[in-house]
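Asks: One structure is given below, represented as structure tokens, and several questions about it will come after.
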Amino acid sequence: MSGDSAPINLTNHFLIAMPSLEDALFGKSVVYVCEHSPRGALGLVINKPADIRMDALFGKVDLDLKRQDLSESPVFQGGPVQTERGFVLHEAIFAGDDKKDESLYASTMTIPGGLEMTTSKDVLEALASGAGPRRVLVSLGYSSWGEGQLESELGENSWLTVDADPEVIFGTPVEQRYDRALALLGLQAWMISSQVGHA
């Protein structure tokens with residue numbers, strides 16, 4: 001099919017919900033896209049806290065969290081898929097010079113741009129012991145889109161997209177993350193209404 005544009009790849013981008021997206025979880029959400037390919041996309045909502053804090057979550061998996069900097073941090077609702085599983089978004093930590101590209105943890109997705117998402121318990125054990133990655137976001141569940149689904153939602157003006165900034169994920173208060181993500185586009189919430197059409 002000639003004339004088709006190249007497929008977009010939104011890995012390491014933010015999806016910022018447009019006001020017209022009135023879903024309970026995705027309304028006013030910012031999603032960090034961990035993986036995007038022709039087969040679909042996977043991401044974590046970074047600005048919707050769940051009703052549980054890190055210390056309580058660690059207690060549920062029989063770990064005593066020794067990292068005081070994390071104990072009162074919220075756990076996030078990463079999305080509607082596998083909500084009983086933990087997903088840890090964190091700065092990349094490598095096993096050592098001899099294995100440059102090998103993550104320290106058993107089950108880790110390396111994301112171009114310097115972050116990793118780990119689903120194995122070893123990262124929680126490292127955090128519990130007082131070690132582990134310095135900057136982390138823990139979510140229950142993740143968001144996923146099937147083949148062509150995210151592209152279709154973008155075509156319907158459901159999302160704005162922008163290159164992800166780790167400062168928004170790890171260095172910004174939760175209630176400011178939506179506005180900070182919009183600011184990466186030079187926008188403020190009042191500027192985008194549900195009536196905005198295609199440029």
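Each chain in the structure tokens gets a letter, A, B and so on, in the order shown; residues start at 1 in every chain, and ligands are counted from 1 in the order they appear.
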Taking only C-alpha atoms into account, produce a table as a Markdown table in which each residue of region 123-158 of chain A with an atom at most 12 Å from an atom of region 28-49 of chain A appears once, together with its shortest atom pair and the distance in Å to one decimal, ordered by chain and rising number.

Replies:
```
| residue | atom | partner | partner_atom | distance |
| --- | --- | --- | --- | --- |
| A:Val136 | CA | A:Ile46 | CA | 11.0 |
| A:Leu137 | CA | A:Ile46 | CA | 7.7 |
| A:Val138 | CA | A:Ile46 | CA | 9.1 |
| A:Ser139 | CA | A:Leu44 | CA | 7.3 |
| A:Leu140 | CA | A:Leu44 | CA | 9.1 |
| A:Gly141 | CA | A:Leu44 | CA | 7.8 |
| A:Tyr142 | CA | A:Leu44 | CA | 5.2 |
| A:Ser143 | CA | A:Gly43 | CA | 5.1 |
| A:Ser144 | CA | A:Leu42 | CA | 4.4 |
| A:Trp145 | CA | A:Ala41 | CA | 5.0 |
| A:Gly146 | CA | A:Gly40 | CA | 4.5 |
| A:Glu147 | CA | A:Gly40 | CA | 4.3 |
| A:Gly148 | CA | A:Gly40 | CA | 6.4 |
| A:Gln149 | CA | A:Gly40 | CA | 7.1 |
| A:Leu150 | CA | A:Ala41 | CA | 7.1 |
| A:Glu151 | CA | A:Gly40 | CA | 9.0 |
| A:Ser152 | CA | A:Gly40 | CA | 11.2 |
| A:Glu153 | CA | A:Ala41 | CA | 11.9 |
| A:Ser158 | CA | A:Lys28 | CA | 10.7 |
```

Asks: DSSP on the backbone: which residues in region 24-190 of chain A end up as helix (DSSP H, G or I)? Give the answer as a ChimeraX atom specification.

Replies: /A:54-60,68-71,97-99,121-128,149-155,166-170,174-183,189-190

Asks: What separation in Å, quoted to one decimal, exists between CA of Leu10 (chain A) and CA of Gly132 (chain A)?

Replies: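 According to the coordinates, CA of Leu10 (chain A) and CA of Gly132 (chain A) are separated by 27.4 Å.
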
Asks: Under the rule that only C-alpha atoms are counted, which of A:Asn157, A:Ser73, A:Asn12, A:Ser20 is the nearest residue to Phe58 (chain A)?

Replies: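 Under the stated criterion, the closest residue is A:Ser73.
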
Asks: Report the residues of region 111-153 of chain A whose backbone DSSP state falls under strand (DSSP E or B), written as a list in words.

Replies: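 Output for region 111-153 of chain A, strand (DSSP E or B) only: Ile111, Leu115, Glu116, Met117, Thr118, Val136, Leu137, Val138, Ser139, Leu140, Gly141, Tyr142, Ser143, Ser144 and Trp145 of chain A.
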
Asks: Contacts of Tyr105 (chain A) at 10 Å or less, counting only C-alpha atoms, minus same-chain residues fewer than 2 places along, as a list in words?

Replies: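 Within the cut-off, the hits are Ile93, Phe94, Ala95, Glu102, Ser103, Ser107, Thr108, Met109, Glu116, Met117, Thr118, Thr119, Ser120, Lys121, Asp122, Val123, Leu124, Ala126 and Gly132 of chain A.
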
Asks: Those residues you just picked out, can you put them in a file as a compact mmCIF listing (two decimals), in the first residue's frame with C-alpha atoms?

Replies:
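Output (result.txt):
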```
# COMPACT_ATOMS: atom_id res chain seq x y z
CA ILE A 93 20.20 -0.85 36.68
CA PHE A 94 22.58 -3.21 34.94
CA ALA A 95 24.22 -6.36 36.22
CA GLU A 102 21.49 -7.39 31.01
CA SER A 103 19.17 -6.18 33.71
CA SER A 107 11.83 -10.35 34.45
CA THR A 108 12.55 -6.90 33.09
CA MET A 109 11.61 -4.98 29.97
CA GLU A 116 12.99 -0.43 32.87
CA MET A 117 9.78 -2.14 33.89
CA THR A 118 10.21 -5.17 36.14
CA THR A 119 7.53 -7.67 37.11
CA SER A 120 9.63 -10.17 39.10
CA LYS A 121 9.64 -10.20 42.91
CA ASP A 122 13.43 -9.76 43.08
CA VAL A 123 13.13 -6.01 42.52
CA LEU A 124 10.74 -5.77 45.48
CA ALA A 126 15.97 -5.46 46.68
CA GLY A 132 17.25 -1.47 44.55
```

Asks: Please compute the CA of Leu115 (chain A)-CA of Met54 (chain A) distance, one decimal, in Å.

Replies: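 CA of Met54 (chain A) lies at a distance of 20.0 Å from CA of Leu115 (chain A).
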
Asks: For a test of reading the model, state the distance in Å between CA of Pro80 (chain A) and CA of Ala50 (chain A), rounded to one decimal.

Replies: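 Computing the Euclidean distance for CA of Pro80 (chain A) and CA of Ala50 (chain A) yields 12.0 Å.
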
Asks: Would you pick out the contacts of Asp55 (chain A) at 12 Å or less, using only C-alpha atoms, so that residues sharing its chain but fewer than 6 positions from it are not included, and give the list as a PyMOL selection string?

Replies: chain A and resi 61-75+124+127-128+138

Asks: Quick one: write out the picked residues with C-alpha atoms as a CSV table (one decimal), in the first residue's frame?

Replies:
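The resulting file, part.csv, is shown below:
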```csv
chain,number,residue,atom,x,y,z
A,61,VAL,CA,3.9,-10.0,49.9
A,62,ASP,CA,5.7,-10.7,53.2
A,63,LEU,CA,8.4,-8.2,52.8
A,64,ASP,CA,9.4,-5.5,55.3
A,65,LEU,CA,10.2,-2.3,53.4
A,66,LYS,CA,13.3,-0.7,54.9
A,67,ARG,CA,13.4,2.2,52.4
A,68,GLN,CA,11.9,5.1,54.4
A,69,ASP,CA,11.9,7.3,51.2
A,70,LEU,CA,9.3,4.9,49.7
A,71,SER,CA,7.2,3.5,52.6
A,72,GLU,CA,4.5,6.2,52.4
A,73,SER,CA,4.5,6.5,48.6
A,74,PRO,CA,1.3,5.6,46.9
A,75,VAL,CA,1.0,2.5,44.7
A,124,LEU,CA,10.7,-5.8,45.5
A,127,LEU,CA,13.9,-2.4,47.6
A,128,ALA,CA,12.7,-4.1,50.8
A,138,VAL,CA,5.0,0.7,41.5
```
